[in-house]
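Here is the file query_3.cif (mmCIF, C-alpha atoms and all ligand atoms).
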```
data_final
#
loop_
_atom_site.group_PDB
_atom_site.id
_atom_site.type_symbol
_atom_site.label_atom_id
_atom_site.label_comp_id
_atom_site.auth_asym_id
_atom_site.auth_seq_id
_atom_site.Cartn_x
_atom_site.Cartn_y
_atom_site.Cartn_z
ATOM 1 C CA MET D 1 38.966 149.750 77.873
ATOM 2 C CA ALA D 2 37.071 148.249 80.807
ATOM 3 C CA THR D 3 38.524 149.207 84.175
ATOM 4 C CA GLU D 4 35.917 147.922 86.612
ATOM 5 C CA LEU D 5 36.264 144.144 86.810
ATOM 6 C CA PRO D 6 32.985 142.293 86.576
ATOM 7 C CA GLY D 7 31.458 140.011 89.150
ATOM 8 C CA CYS D 8 28.741 141.005 91.540
ATOM 9 C CA HIS D 9 29.427 138.163 93.973
ATOM 10 C CA ARG D 10 32.691 139.356 95.434
ATOM 11 C CA TYR D 11 32.838 136.582 98.015
ATOM 12 C CA LEU D 12 32.395 133.832 95.439
ATOM 13 C CA ASN D 13 34.877 135.519 93.170
ATOM 14 C CA ARG D 14 37.650 134.864 95.615
ATOM 15 C CA VAL D 15 40.113 132.470 93.996
ATOM 16 C CA ALA D 16 43.045 131.504 96.223
ATOM 17 C CA PRO D 17 45.202 131.879 98.273
ATOM 18 C CA THR D 18 44.813 128.223 99.127
ATOM 19 C CA PRO D 19 46.406 126.640 102.218
ATOM 20 C CA LEU D 20 49.801 124.911 101.995
ATOM 21 C CA VAL D 21 49.997 122.084 104.519
ATOM 22 C CA PRO D 22 52.589 119.428 105.402
ATOM 23 C CA VAL D 23 51.147 115.949 104.776
ATOM 24 C CA ARG D 24 52.888 112.766 105.881
ATOM 25 C CA LEU D 25 51.419 109.408 104.909
ATOM 26 C CA ALA D 26 52.760 106.274 106.604
ATOM 27 C CA HIS D 27 55.313 105.402 103.895
ATOM 28 C CA ALA D 28 56.540 108.973 103.317
ATOM 29 C CA PRO D 29 60.159 109.681 104.270
ATOM 30 C CA ALA D 30 59.199 113.211 105.371
ATOM 31 C CA PRO D 31 56.179 115.517 105.086
ATOM 32 C CA VAL D 32 55.283 116.788 101.605
ATOM 33 C CA TRP D 33 54.051 120.376 101.369
ATOM 34 C CA CYS D 34 50.661 120.169 99.652
ATOM 35 C CA LYS D 35 48.750 123.078 98.121
ATOM 36 C CA LEU D 36 45.033 122.500 98.665
ATOM 37 C CA GLU D 37 43.827 123.650 95.250
ATOM 38 C CA PHE D 38 40.580 121.687 95.534
ATOM 39 C CA LEU D 39 39.380 124.461 97.874
ATOM 40 C CA ASN D 40 39.010 126.923 94.977
ATOM 41 C CA PRO D 41 35.390 127.928 94.169
ATOM 42 C CA SER D 42 34.684 125.484 91.332
ATOM 43 C CA GLY D 43 36.591 122.726 93.111
ATOM 44 C CA SER D 44 39.866 122.799 91.203
ATOM 45 C CA THR D 45 43.066 124.667 90.503
ATOM 46 C CA LYS D 46 41.628 125.685 87.129
ATOM 47 C CA ASP D 47 39.775 128.579 88.768
ATOM 48 C CA ARG D 48 43.135 130.322 88.759
ATOM 49 C CA ILE D 49 43.651 130.192 85.008
ATOM 50 C CA ALA D 50 39.978 130.816 84.240
ATOM 51 C CA ARG D 51 39.953 134.035 86.269
ATOM 52 C CA PHE D 52 43.441 135.124 85.232
ATOM 53 C CA ILE D 53 42.799 134.697 81.502
ATOM 54 C CA LEU D 54 39.289 136.183 81.525
ATOM 55 C CA GLU D 55 40.172 139.138 83.762
ATOM 56 C CA LYS D 56 43.161 139.977 81.557
ATOM 57 C CA ALA D 57 40.994 139.775 78.442
ATOM 58 C CA TRP D 58 38.443 142.003 80.191
ATOM 59 C CA ARG D 59 41.044 144.602 81.112
ATOM 60 C CA LEU D 60 42.349 144.644 77.538
ATOM 61 C CA GLY D 61 38.829 145.056 76.204
ATOM 62 C CA ARG D 62 38.870 141.691 74.446
ATOM 63 C CA VAL D 63 35.712 140.483 76.195
ATOM 64 C CA LYS D 64 32.649 142.386 77.310
ATOM 65 C CA PRO D 65 29.329 141.384 78.903
ATOM 66 C CA GLY D 66 27.363 138.987 76.746
ATOM 67 C CA ASP D 67 30.372 137.745 74.734
ATOM 68 C CA LEU D 68 30.855 134.036 74.133
ATOM 69 C CA VAL D 69 33.825 132.153 75.608
ATOM 70 C CA VAL D 70 34.641 128.845 73.857
ATOM 71 C CA GLU D 71 37.063 126.225 75.176
ATOM 72 C CA ALA D 72 37.959 122.621 74.404
ATOM 73 C CA SER D 73 38.150 120.769 77.686
ATOM 74 C CA SER D 74 36.545 117.663 79.017
ATOM 75 C CA GLY D 75 37.415 118.421 82.584
ATOM 76 C CA SER D 76 38.175 120.935 85.256
ATOM 77 C CA THR D 77 38.920 123.873 82.974
ATOM 78 C CA SER D 78 35.483 123.947 81.409
ATOM 79 C CA ILE D 79 33.834 123.763 84.831
ATOM 80 C CA ALA D 80 36.028 126.623 86.086
ATOM 81 C CA LEU D 81 35.319 128.708 82.977
ATOM 82 C CA ALA D 82 31.590 128.030 83.257
ATOM 83 C CA LEU D 83 31.645 129.342 86.839
ATOM 84 C CA ALA D 84 33.798 132.370 85.984
ATOM 85 C CA CYS D 85 31.557 133.225 83.004
ATOM 86 C CA ALA D 86 28.475 132.950 85.223
ATOM 87 C CA GLN D 87 30.049 135.455 87.610
ATOM 88 C CA MET D 88 31.257 137.825 84.891
ATOM 89 C CA GLY D 89 28.132 137.948 82.726
ATOM 90 C CA LEU D 90 29.721 136.058 79.831
ATOM 91 C CA ARG D 91 28.292 133.151 77.853
ATOM 92 C CA PHE D 92 30.230 129.880 77.765
ATOM 93 C CA LEU D 93 30.467 126.988 75.330
ATOM 94 C CA ALA D 94 32.448 123.861 76.209
ATOM 95 C CA VAL D 95 33.474 121.733 73.239
ATOM 96 C CA MET D 96 34.047 118.177 74.376
ATOM 97 C CA PRO D 97 34.178 114.677 72.949
ATOM 98 C CA GLU D 98 31.033 112.598 73.264
ATOM 99 C CA GLY D 99 31.215 110.257 76.214
ATOM 100 C CA VAL D 100 32.431 112.583 78.969
ATOM 101 C CA SER D 101 30.787 111.929 82.300
ATOM 102 C CA ASN D 102 27.317 113.394 82.740
ATOM 103 C CA GLU D 103 28.330 115.074 85.989
ATOM 104 C CA ARG D 104 30.605 117.456 84.092
ATOM 105 C CA VAL D 105 27.956 118.275 81.493
ATOM 106 C CA PHE D 106 25.321 118.913 84.188
ATOM 107 C CA ILE D 107 27.625 121.224 86.158
ATOM 108 C CA ILE D 108 28.461 123.301 83.071
ATOM 109 C CA ARG D 109 24.779 123.607 82.130
ATOM 110 C CA ALA D 110 23.830 124.511 85.699
ATOM 111 C CA TYR D 111 26.200 127.489 85.496
ATOM 112 C CA GLY D 112 24.386 128.533 82.314
ATOM 113 C CA GLY D 113 26.991 127.168 79.893
ATOM 114 C CA SER D 114 26.354 125.080 76.783
ATOM 115 C CA VAL D 115 28.067 121.927 75.605
ATOM 116 C CA LYS D 116 28.888 120.995 72.023
ATOM 117 C CA PHE D 117 29.955 117.419 71.421
ATOM 118 C CA THR D 118 32.587 116.269 68.929
ATOM 119 C CA PRO D 119 32.921 112.603 67.853
ATOM 120 C CA ALA D 120 34.292 110.368 70.615
ATOM 121 C CA ALA D 121 36.877 108.843 68.264
ATOM 122 C CA GLY D 122 38.678 112.201 67.914
ATOM 123 C CA GLY D 123 39.257 112.529 71.658
ATOM 124 C CA ILE D 124 40.294 115.872 73.156
ATOM 125 C CA ARG D 125 42.387 116.639 70.051
ATOM 126 C CA GLY D 126 39.205 116.541 67.985
ATOM 127 C CA ALA D 127 37.606 119.062 70.334
ATOM 128 C CA ILE D 128 40.664 121.359 70.095
ATOM 129 C CA THR D 129 40.509 121.168 66.283
ATOM 130 C CA GLU D 130 36.811 122.019 66.341
ATOM 131 C CA VAL D 131 37.433 125.137 68.467
ATOM 132 C CA GLN D 132 40.205 126.201 66.067
ATOM 133 C CA ARG D 133 37.834 125.660 63.166
ATOM 134 C CA MET D 134 35.224 127.867 64.810
ATOM 135 C CA GLY D 135 37.960 130.476 65.091
ATOM 136 C CA GLU D 136 37.883 133.898 66.646
ATOM 137 C CA GLU D 137 34.493 135.088 65.472
ATOM 138 C CA ALA D 138 33.079 138.453 66.492
ATOM 139 C CA ASN D 139 32.132 138.633 70.172
ATOM 140 C CA THR D 140 33.884 135.329 70.831
ATOM 141 C CA PHE D 141 36.924 134.739 73.027
ATOM 142 C CA LEU D 142 39.082 131.597 73.025
ATOM 143 C CA PRO D 143 41.152 131.020 76.228
ATOM 144 C CA ARG D 144 43.127 128.169 74.488
ATOM 145 C CA GLN D 145 44.514 126.631 77.665
ATOM 146 C CA PHE D 146 46.868 124.250 75.836
ATOM 147 C CA ALA D 147 48.660 127.098 74.008
ATOM 148 C CA ASN D 148 48.036 130.267 76.050
ATOM 149 C CA SER D 149 51.114 131.337 78.023
ATOM 150 C CA ASP D 150 48.820 133.069 80.536
ATOM 151 C CA ASN D 151 47.966 129.598 81.808
ATOM 152 C CA ALA D 152 51.497 129.228 83.239
ATOM 153 C CA GLU D 153 51.547 132.930 84.157
ATOM 154 C CA ALA D 154 48.606 132.428 86.519
ATOM 155 C CA HIS D 155 50.689 129.887 88.431
ATOM 156 C CA ARG D 156 53.977 131.820 88.177
ATOM 157 C CA LEU D 157 52.452 135.003 89.584
ATOM 158 C CA GLY D 158 49.849 133.371 91.836
ATOM 159 C CA THR D 159 50.499 129.840 93.043
ATOM 160 C CA ALA D 160 54.306 130.193 93.240
ATOM 161 C CA ARG D 161 54.080 133.515 95.108
ATOM 162 C CA GLU D 162 51.711 131.969 97.653
ATOM 163 C CA VAL D 163 54.005 128.976 98.187
ATOM 164 C CA LEU D 164 56.980 131.265 98.833
ATOM 165 C CA ASP D 165 54.995 133.188 101.434
ATOM 166 C CA GLN D 166 53.680 130.030 103.079
ATOM 167 C CA ILE D 167 56.595 127.591 103.229
ATOM 168 C CA PRO D 168 59.075 127.859 106.127
ATOM 169 C CA GLY D 169 62.118 129.909 105.133
ATOM 170 C CA GLY D 170 60.759 130.471 101.614
ATOM 171 C CA LYS D 171 62.847 127.477 100.521
ATOM 172 C CA VAL D 172 61.590 124.896 98.020
ATOM 173 C CA ASP D 173 63.899 122.104 96.834
ATOM 174 C CA ALA D 174 61.544 120.372 94.403
ATOM 175 C CA VAL D 175 58.079 120.868 92.953
ATOM 176 C CA ALA D 176 56.119 117.883 91.661
ATOM 177 C CA SER D 177 53.053 117.778 89.412
ATOM 178 C CA GLY D 178 51.366 115.767 86.745
ATOM 179 C CA VAL D 179 51.038 117.601 83.457
ATOM 180 C CA GLY D 180 47.877 118.212 81.474
ATOM 181 C CA THR D 181 48.529 121.591 79.899
ATOM 182 C CA GLY D 182 51.731 121.932 81.932
ATOM 183 C CA GLY D 183 50.629 125.315 83.278
ATOM 184 C CA THR D 184 50.914 124.199 86.898
ATOM 185 C CA LEU D 185 54.391 122.654 86.733
ATOM 186 C CA VAL D 186 55.953 125.222 84.380
ATOM 187 C CA GLY D 187 54.438 128.216 86.186
ATOM 188 C CA LEU D 188 55.304 126.974 89.675
ATOM 189 C CA PHE D 189 58.847 126.056 88.663
ATOM 190 C CA GLU D 190 59.522 129.383 86.948
ATOM 191 C CA GLY D 191 57.989 131.428 89.757
ATOM 192 C CA LEU D 192 59.983 129.627 92.448
ATOM 193 C CA ARG D 193 63.256 129.701 90.525
ATOM 194 C CA GLU D 194 63.096 133.395 89.692
ATOM 195 C CA ASN D 195 62.604 134.075 93.405
ATOM 196 C CA GLY D 196 65.877 132.391 94.292
ATOM 197 C CA CYS D 197 64.903 128.754 94.946
ATOM 198 C CA ARG D 198 67.211 126.091 93.521
ATOM 199 C CA VAL D 199 64.188 123.972 92.763
ATOM 200 C CA VAL D 200 64.040 120.692 90.829
ATOM 201 C CA PRO D 201 60.967 120.351 88.584
ATOM 202 C CA VAL D 202 59.441 116.886 88.976
ATOM 203 C CA LEU D 203 57.123 115.430 86.344
ATOM 204 C CA ALA D 204 54.635 112.982 87.866
ATOM 205 C CA ARG D 205 53.881 110.607 85.030
ATOM 206 C CA PRO D 206 51.183 107.963 85.394
ATOM 207 C CA VAL D 207 52.145 104.641 83.862
ATOM 208 C CA ASN D 208 49.778 102.049 82.433
ATOM 209 C CA LEU D 209 48.479 104.915 80.315
ATOM 210 C CA ILE D 210 45.865 103.558 77.982
ATOM 211 C CA SER D 211 45.399 106.054 75.189
ATOM 212 C CA THR D 212 42.579 104.702 73.113
ATOM 213 C CA PRO D 213 40.414 107.519 71.754
ATOM 214 C CA GLU D 214 37.490 106.176 73.744
ATOM 215 C CA VAL D 215 39.412 106.546 76.971
ATOM 216 C CA GLU D 216 40.977 109.830 75.990
ATOM 217 C CA CYS D 217 37.588 111.399 75.458
ATOM 218 C CA CYS D 218 36.781 111.088 79.139
ATOM 219 C CA SER D 219 40.224 111.629 80.549
ATOM 220 C CA PHE D 220 43.741 111.860 79.238
ATOM 221 C CA SER D 221 45.042 109.023 81.328
ATOM 222 C CA ALA D 222 42.711 106.098 81.616
ATOM 223 C CA ARG D 223 42.644 106.254 85.358
ATOM 224 C CA ILE D 224 44.153 109.619 86.318
ATOM 225 C CA PRO D 225 41.978 112.228 84.587
ATOM 226 C CA GLY D 226 43.528 115.519 83.570
ATOM 227 C CA VAL D 227 47.056 114.274 83.103
ATOM 228 C CA ALA D 228 48.848 113.656 79.794
ATOM 229 C CA ASP D 229 51.986 115.478 78.793
ATOM 230 C CA ALA D 230 51.782 114.811 75.055
ATOM 231 C CA ILE D 231 49.435 117.492 73.753
ATOM 232 C CA SER D 232 50.635 120.670 75.411
ATOM 233 C CA GLU D 233 52.460 123.595 73.789
ATOM 234 C CA ILE D 234 53.322 125.004 77.227
ATOM 235 C CA PHE D 235 55.210 122.040 78.657
ATOM 236 C CA ARG D 236 58.452 122.176 76.657
ATOM 237 C CA PRO D 237 61.809 120.733 77.808
ATOM 238 C CA GLU D 238 63.642 124.077 77.669
ATOM 239 C CA ARG D 239 61.210 125.526 80.215
ATOM 240 C CA VAL D 240 61.940 122.833 82.815
ATOM 241 C CA PRO D 241 65.744 122.340 82.830
ATOM 242 C CA GLY D 242 66.951 119.498 85.051
ATOM 243 C CA LEU D 243 63.540 117.827 84.934
ATOM 244 C CA MET D 244 63.215 114.733 87.149
ATOM 245 C CA THR D 245 60.624 112.309 85.799
ATOM 246 C CA VAL D 246 58.926 110.006 88.286
ATOM 247 C CA GLU D 247 56.726 107.245 86.973
ATOM 248 C CA VAL D 248 53.866 106.251 89.236
ATOM 249 C CA ARG D 249 51.722 103.216 88.558
ATOM 250 C CA ASP D 250 48.060 104.112 88.193
ATOM 251 C CA GLU D 251 47.078 101.703 90.959
ATOM 252 C CA ASP D 252 49.596 103.303 93.343
ATOM 253 C CA ALA D 253 48.247 106.764 92.506
ATOM 254 C CA ILE D 254 44.709 105.593 93.228
ATOM 255 C CA ALA D 255 45.705 103.816 96.455
ATOM 256 C CA THR D 256 47.512 106.974 97.589
ATOM 257 C CA THR D 257 44.434 109.051 96.742
ATOM 258 C CA ARG D 258 42.308 106.799 98.964
ATOM 259 C CA GLU D 259 44.829 107.231 101.797
ATOM 260 C CA LEU D 260 44.648 111.011 101.408
ATOM 261 C CA ILE D 261 40.848 110.917 101.478
ATOM 262 C CA ARG D 262 41.001 108.708 104.580
ATOM 263 C CA LEU D 263 43.102 111.446 106.213
ATOM 264 C CA GLY D 264 40.421 114.014 105.418
ATOM 265 C CA PHE D 265 41.600 115.456 102.109
ATOM 266 C CA PRO D 266 38.663 115.120 99.657
ATOM 267 C CA VAL D 267 40.823 114.884 96.518
ATOM 268 C CA GLY D 268 40.747 113.319 93.054
ATOM 269 C CA PRO D 269 43.219 110.826 91.534
ATOM 270 C CA SER D 270 45.787 113.342 90.271
ATOM 271 C CA SER D 271 46.416 114.350 93.898
ATOM 272 C CA GLY D 272 47.472 110.781 94.712
ATOM 273 C CA LEU D 273 49.680 110.770 91.627
ATOM 274 C CA ASN D 274 51.304 114.060 92.643
ATOM 275 C CA TYR D 275 51.800 113.006 96.254
ATOM 276 C CA ALA D 276 53.388 109.677 95.267
ATOM 277 C CA ALA D 277 55.776 111.461 92.888
ATOM 278 C CA ALA D 278 56.685 114.027 95.544
ATOM 279 C CA CYS D 279 57.535 111.194 97.982
ATOM 280 C CA GLU D 280 59.777 109.572 95.391
ATOM 281 C CA ALA D 281 61.469 112.937 94.812
ATOM 282 C CA LEU D 282 62.123 113.167 98.564
ATOM 283 C CA HIS D 283 63.761 109.719 98.432
ATOM 284 C CA ARG D 284 65.901 110.681 95.452
ATOM 285 C CA LEU D 285 66.970 114.038 96.892
ATOM 286 C CA ASN D 286 68.133 112.101 99.955
ATOM 287 C CA ASP D 287 68.325 115.216 102.118
ATOM 288 C CA PRO D 288 66.405 115.127 105.432
ATOM 289 C CA ALA D 289 65.903 118.899 105.275
ATOM 290 C CA ALA D 290 64.513 118.924 101.724
ATOM 291 C CA GLN D 291 61.179 120.703 101.273
ATOM 292 C CA VAL D 292 59.120 119.286 98.410
ATOM 293 C CA VAL D 293 55.925 120.974 97.222
ATOM 294 C CA THR D 294 53.033 119.499 95.288
ATOM 295 C CA VAL D 295 49.408 120.359 94.515
ATOM 296 C CA PHE D 296 46.086 118.631 95.167
ATOM 297 C CA PRO D 297 44.321 119.811 91.948
ATOM 298 C CA ASP D 298 40.682 118.783 92.356
ATOM 299 C CA ARG D 299 37.941 117.236 94.477
ATOM 300 C CA MET D 300 36.825 113.645 94.951
ATOM 301 C CA GLU D 301 33.154 114.321 94.176
ATOM 302 C CA ARG D 302 33.889 114.266 90.438
ATOM 303 C CA TYR D 303 34.929 110.621 90.707
ATOM 304 C CA PHE D 304 32.074 108.850 92.494
ATOM 305 C CA THR D 305 31.374 106.721 89.425
ATOM 306 C CA THR D 306 35.027 105.796 88.830
ATOM 307 C CA GLU D 307 37.430 103.168 90.099
ATOM 308 C CA LEU D 308 38.440 105.476 92.978
ATOM 309 C CA PHE D 309 35.161 104.813 94.791
ATOM 310 C CA LYS D 310 34.812 101.101 93.929
ATOM 311 C CA PRO D 311 35.650 99.935 97.467
ATOM 312 C CA PHE D 312 32.891 102.101 98.919
ATOM 313 C CA VAL D 313 30.019 101.182 96.608
HETATM 314 N N1 LIG K 401 44.732 117.348 87.638
HETATM 315 C C1 LIG K 401 43.546 117.556 87.118
HETATM 316 C C2 LIG K 401 42.336 116.980 87.782
HETATM 317 C C3 LIG K 401 43.415 118.287 85.958
HETATM 318 O O1 LIG K 401 42.190 118.470 85.419
HETATM 319 C C4 LIG K 401 44.575 118.826 85.367
HETATM 320 C C5 LIG K 401 44.488 119.666 84.135
HETATM 321 N N2 LIG K 401 43.730 119.176 83.063
HETATM 322 C C6 LIG K 401 45.812 118.582 85.918
HETATM 323 C C7 LIG K 401 45.842 117.849 87.061
HETATM 324 C C8 LIG K 401 47.074 119.110 85.274
HETATM 325 O O2 LIG K 401 47.255 120.488 85.401
HETATM 326 P P1 LIG K 401 47.913 121.341 84.243
HETATM 327 O O3 LIG K 401 46.913 121.449 83.129
HETATM 328 O O4 LIG K 401 48.201 122.670 84.851
HETATM 329 O O5 LIG K 401 49.145 120.651 83.769
#
```

Before anything else, please render the file you have as structure tokens.
Amino acid sequence: MATELPGCHRYLNRVAPTPLVPVRLAHAPAPVWCKLEFLNPSGSTKDRIARFILEKAWRLGRVKPGDLVVEASSGSTSIALALACAQMGLRFLAVMPEGVSNERVFIIRAYGGSVKFTPAAGGIRGAITEVQRMGEEANTFLPRQFANSDNAEAHRLGTAREVLDQIPGGKVDAVASGVGTGGTLVGLFEGLRENGCRVVPVLARPVNLISTPEVECCSFSARIPGVADAISEIFRPERVPGLMTVEVRDEDAIATTRELIRLGFPVGPSSGLNYAAACEALHRLNDPAAQVVTVFPDRMERYFTTELFKPFV
């Protein structure tokens, strides 16, 4: 069993803690406590699950230098895994539907990873099926973010613990997040609740979802990449009792994202979605002392060629 964890670049290996800051946009009834996850090394919250899953596998002797890590992801997770594999001396293969943005492919290749394309028509589900078909071959490790309970564990033991240490009084009344795999919302909710918070889980759901395969191959939601609660095995109703669902129109999420950027937070569209849902939760809780937490999952630079940056072109 390997004891020494890999990674020669100790500084770069540092994933979290990320800052938790109160953010109040003009229309907000009170500040929302925002976890700046875009400050993680690869630029998203997915560094947490990439490191957590790979380090656990390393400790258990399930991966060793030179092994191949294979994941279906068209977004942040594959970029985070590519970076973690580069640091840990592992090889990485991202399986993704044809048509994902070139930026993502270039970043993965720059970290030394490879990309295998599946037909665009199959969307992300087609990529997941392809990884399953490839199976657990010798010297291959599958993180399986949509099914692996360690995804939520990384947030339960990491993100939630940090929030409790950072927020005044250790009190959280609600936690809001969009759901891709559900790891963020489920893990945060469970970690906060088991530490004594009477916290309401809030699902930030983008509406105007267009789910044609063509769109799904680039992003789950047409306009809010990374977010779709339909294909996860982690996000199950019994894990989020008392769930409050807040629907946010895509255009409102994008407008909110631009406001956040204007304030100096270089975030992507799911941060606007999360912030808007957290504000609505504050309204619904109707308690001036309520402390609502959300996350800013990733950085704006991944979205230069999308609608988010249209006004600035
Ligand atoms: N925002 C972005 C940009 C994402 O890539 C993801 C995950 N795909 C999420 C939010 C949702 O996070 P989770 O998978 O933990 O539900």

What is the distance, in Å and to one decimal place, between CA of Val95 in chain D and CA of Pro269 in chain D?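 CA of Pro269 in chain D lies at a distance of 23.4 Å from CA of Val95 in chain D.
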
Could you list, as a PDB file with C-alpha atoms, keeping the file's coordinate frame, all residues that come within 9 Å of ligand LIG 401 (chain K)? Count only C-alpha atoms and all ligand atoms.
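New file pocket31.pdb:
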```
ATOM      1  CA  SER D  44      39.866 122.799  91.203  1.00  0.00           C
ATOM      2  CA  THR D  45      43.066 124.667  90.503  1.00  0.00           C
ATOM      3  CA  LYS D  46      41.628 125.685  87.129  1.00  0.00           C
ATOM      4  CA  ILE D  49      43.651 130.192  85.008  1.00  0.00           C
ATOM      5  CA  SER D  73      38.150 120.769  77.686  1.00  0.00           C
ATOM      6  CA  SER D  74      36.545 117.663  79.017  1.00  0.00           C
ATOM      7  CA  GLY D  75      37.415 118.421  82.584  1.00  0.00           C
ATOM      8  CA  SER D  76      38.175 120.935  85.256  1.00  0.00           C
ATOM      9  CA  THR D  77      38.920 123.873  82.974  1.00  0.00           C
ATOM     10  CA  GLN D 145      44.514 126.631  77.665  1.00  0.00           C
ATOM     11  CA  PHE D 146      46.868 124.250  75.836  1.00  0.00           C
ATOM     12  CA  ASN D 151      47.966 129.598  81.808  1.00  0.00           C
ATOM     13  CA  ALA D 152      51.497 129.228  83.239  1.00  0.00           C
ATOM     14  CA  HIS D 155      50.689 129.887  88.431  1.00  0.00           C
ATOM     15  CA  SER D 177      53.053 117.778  89.412  1.00  0.00           C
ATOM     16  CA  GLY D 178      51.366 115.767  86.745  1.00  0.00           C
ATOM     17  CA  VAL D 179      51.038 117.601  83.457  1.00  0.00           C
ATOM     18  CA  GLY D 180      47.877 118.212  81.474  1.00  0.00           C
ATOM     19  CA  THR D 181      48.529 121.591  79.899  1.00  0.00           C
ATOM     20  CA  GLY D 182      51.731 121.932  81.932  1.00  0.00           C
ATOM     21  CA  GLY D 183      50.629 125.315  83.278  1.00  0.00           C
ATOM     22  CA  THR D 184      50.914 124.199  86.898  1.00  0.00           C
ATOM     23  CA  LEU D 185      54.391 122.654  86.733  1.00  0.00           C
ATOM     24  CA  VAL D 186      55.953 125.222  84.380  1.00  0.00           C
ATOM     25  CA  GLY D 187      54.438 128.216  86.186  1.00  0.00           C
ATOM     26  CA  SER D 219      40.224 111.629  80.549  1.00  0.00           C
ATOM     27  CA  PHE D 220      43.741 111.860  79.238  1.00  0.00           C
ATOM     28  CA  ILE D 224      44.153 109.619  86.318  1.00  0.00           C
ATOM     29  CA  PRO D 225      41.978 112.228  84.587  1.00  0.00           C
ATOM     30  CA  GLY D 226      43.528 115.519  83.570  1.00  0.00           C
ATOM     31  CA  VAL D 227      47.056 114.274  83.103  1.00  0.00           C
ATOM     32  CA  ALA D 228      48.848 113.656  79.794  1.00  0.00           C
ATOM     33  CA  ASP D 229      51.986 115.478  78.793  1.00  0.00           C
ATOM     34  CA  SER D 232      50.635 120.670  75.411  1.00  0.00           C
ATOM     35  CA  ILE D 234      53.322 125.004  77.227  1.00  0.00           C
ATOM     36  CA  PHE D 235      55.210 122.040  78.657  1.00  0.00           C
ATOM     37  CA  GLY D 268      40.747 113.319  93.054  1.00  0.00           C
ATOM     38  CA  PRO D 269      43.219 110.826  91.534  1.00  0.00           C
ATOM     39  CA  SER D 270      45.787 113.342  90.271  1.00  0.00           C
ATOM     40  CA  SER D 271      46.416 114.350  93.898  1.00  0.00           C
ATOM     41  CA  ASN D 274      51.304 114.060  92.643  1.00  0.00           C
ATOM     42  CA  VAL D 295      49.408 120.359  94.515  1.00  0.00           C
ATOM     43  CA  PHE D 296      46.086 118.631  95.167  1.00  0.00           C
ATOM     44  CA  PRO D 297      44.321 119.811  91.948  1.00  0.00           C
ATOM     45  CA  ASP D 298      40.682 118.783  92.356  1.00  0.00           C
ATOM     46  CA  ARG D 299      37.941 117.236  94.477  1.00  0.00           C
TER      47      ARG D 299
END
```

The PyMOL selection byres (((chain D and resi 67) around 10) and not hetatm) - which residues does that actually catch in the file I just gave you? List them as a PyMOL selection string. chain D and resi 62-66+68-70+85+89-92+138-141

Name every residue that the PyMOL selection byres (((chain D and resi 104) around 10) and not hetatm) selects in this structure, writing the answer as a CSV table (one decimal) with C-alpha atoms, in the coordinates of the input with chains first and numbers rising.
```csv
chain,number,residue,atom,x,y,z
D,74,SER,CA,36.5,117.7,79.0
D,75,GLY,CA,37.4,118.4,82.6
D,76,SER,CA,38.2,120.9,85.3
D,78,SER,CA,35.5,123.9,81.4
D,79,ILE,CA,33.8,123.8,84.8
D,100,VAL,CA,32.4,112.6,79.0
D,101,SER,CA,30.8,111.9,82.3
D,102,ASN,CA,27.3,113.4,82.7
D,103,GLU,CA,28.3,115.1,86.0
D,105,VAL,CA,28.0,118.3,81.5
D,106,PHE,CA,25.3,118.9,84.2
D,107,ILE,CA,27.6,121.2,86.2
D,108,ILE,CA,28.5,123.3,83.1
D,109,ARG,CA,24.8,123.6,82.1
D,110,ALA,CA,23.8,124.5,85.7
D,115,VAL,CA,28.1,121.9,75.6
D,302,ARG,CA,33.9,114.3,90.4
```

Could you state which residues are captured by the PyMOL selection byres (((chain D and resi 246) around 12) and not hetatm) in this file, as JSON, numbers by chain? {"D": [175, 176, 177, 178, 179, 201, 202, 203, 204, 205, 206, 207, 243, 244, 245, 247, 248, 249, 253, 273, 274, 275, 276, 277, 278, 279, 280, 281, 282, 283, 284]}

Serialized selection, C-alpha atoms, as an mmCIF file, in the frame of the given file:
```
data_model
loop_
_atom_site.group_PDB
_atom_site.id
_atom_site.type_symbol
_atom_site.label_atom_id
_atom_site.label_comp_id
_atom_site.auth_asym_id
_atom_site.auth_seq_id
_atom_site.Cartn_x
_atom_site.Cartn_y
_atom_site.Cartn_z
ATOM 1 C CA VAL D 175 58.079 120.868 92.953
ATOM 2 C CA ALA D 176 56.119 117.883 91.661
ATOM 3 C CA SER D 177 53.053 117.778 89.412
ATOM 4 C CA GLY D 178 51.366 115.767 86.745
ATOM 5 C CA VAL D 179 51.038 117.601 83.457
ATOM 6 C CA PRO D 201 60.967 120.351 88.584
ATOM 7 C CA VAL D 202 59.441 116.886 88.976
ATOM 8 C CA LEU D 203 57.123 115.430 86.344
ATOM 9 C CA ALA D 204 54.635 112.982 87.866
ATOM 10 C CA ARG D 205 53.881 110.607 85.030
ATOM 11 C CA PRO D 206 51.183 107.963 85.394
ATOM 12 C CA VAL D 207 52.145 104.641 83.862
ATOM 13 C CA LEU D 243 63.540 117.827 84.934
ATOM 14 C CA MET D 244 63.215 114.733 87.149
ATOM 15 C CA THR D 245 60.624 112.309 85.799
ATOM 16 C CA GLU D 247 56.726 107.245 86.973
ATOM 17 C CA VAL D 248 53.866 106.251 89.236
ATOM 18 C CA ARG D 249 51.722 103.216 88.558
ATOM 19 C CA ALA D 253 48.247 106.764 92.506
ATOM 20 C CA LEU D 273 49.680 110.770 91.627
ATOM 21 C CA ASN D 274 51.304 114.060 92.643
ATOM 22 C CA TYR D 275 51.800 113.006 96.254
ATOM 23 C CA ALA D 276 53.388 109.677 95.267
ATOM 24 C CA ALA D 277 55.776 111.461 92.888
ATOM 25 C CA ALA D 278 56.685 114.027 95.544
ATOM 26 C CA CYS D 279 57.535 111.194 97.982
ATOM 27 C CA GLU D 280 59.777 109.572 95.391
ATOM 28 C CA ALA D 281 61.469 112.937 94.812
ATOM 29 C CA LEU D 282 62.123 113.167 98.564
ATOM 30 C CA HIS D 283 63.761 109.719 98.432
ATOM 31 C CA ARG D 284 65.901 110.681 95.452
#
```
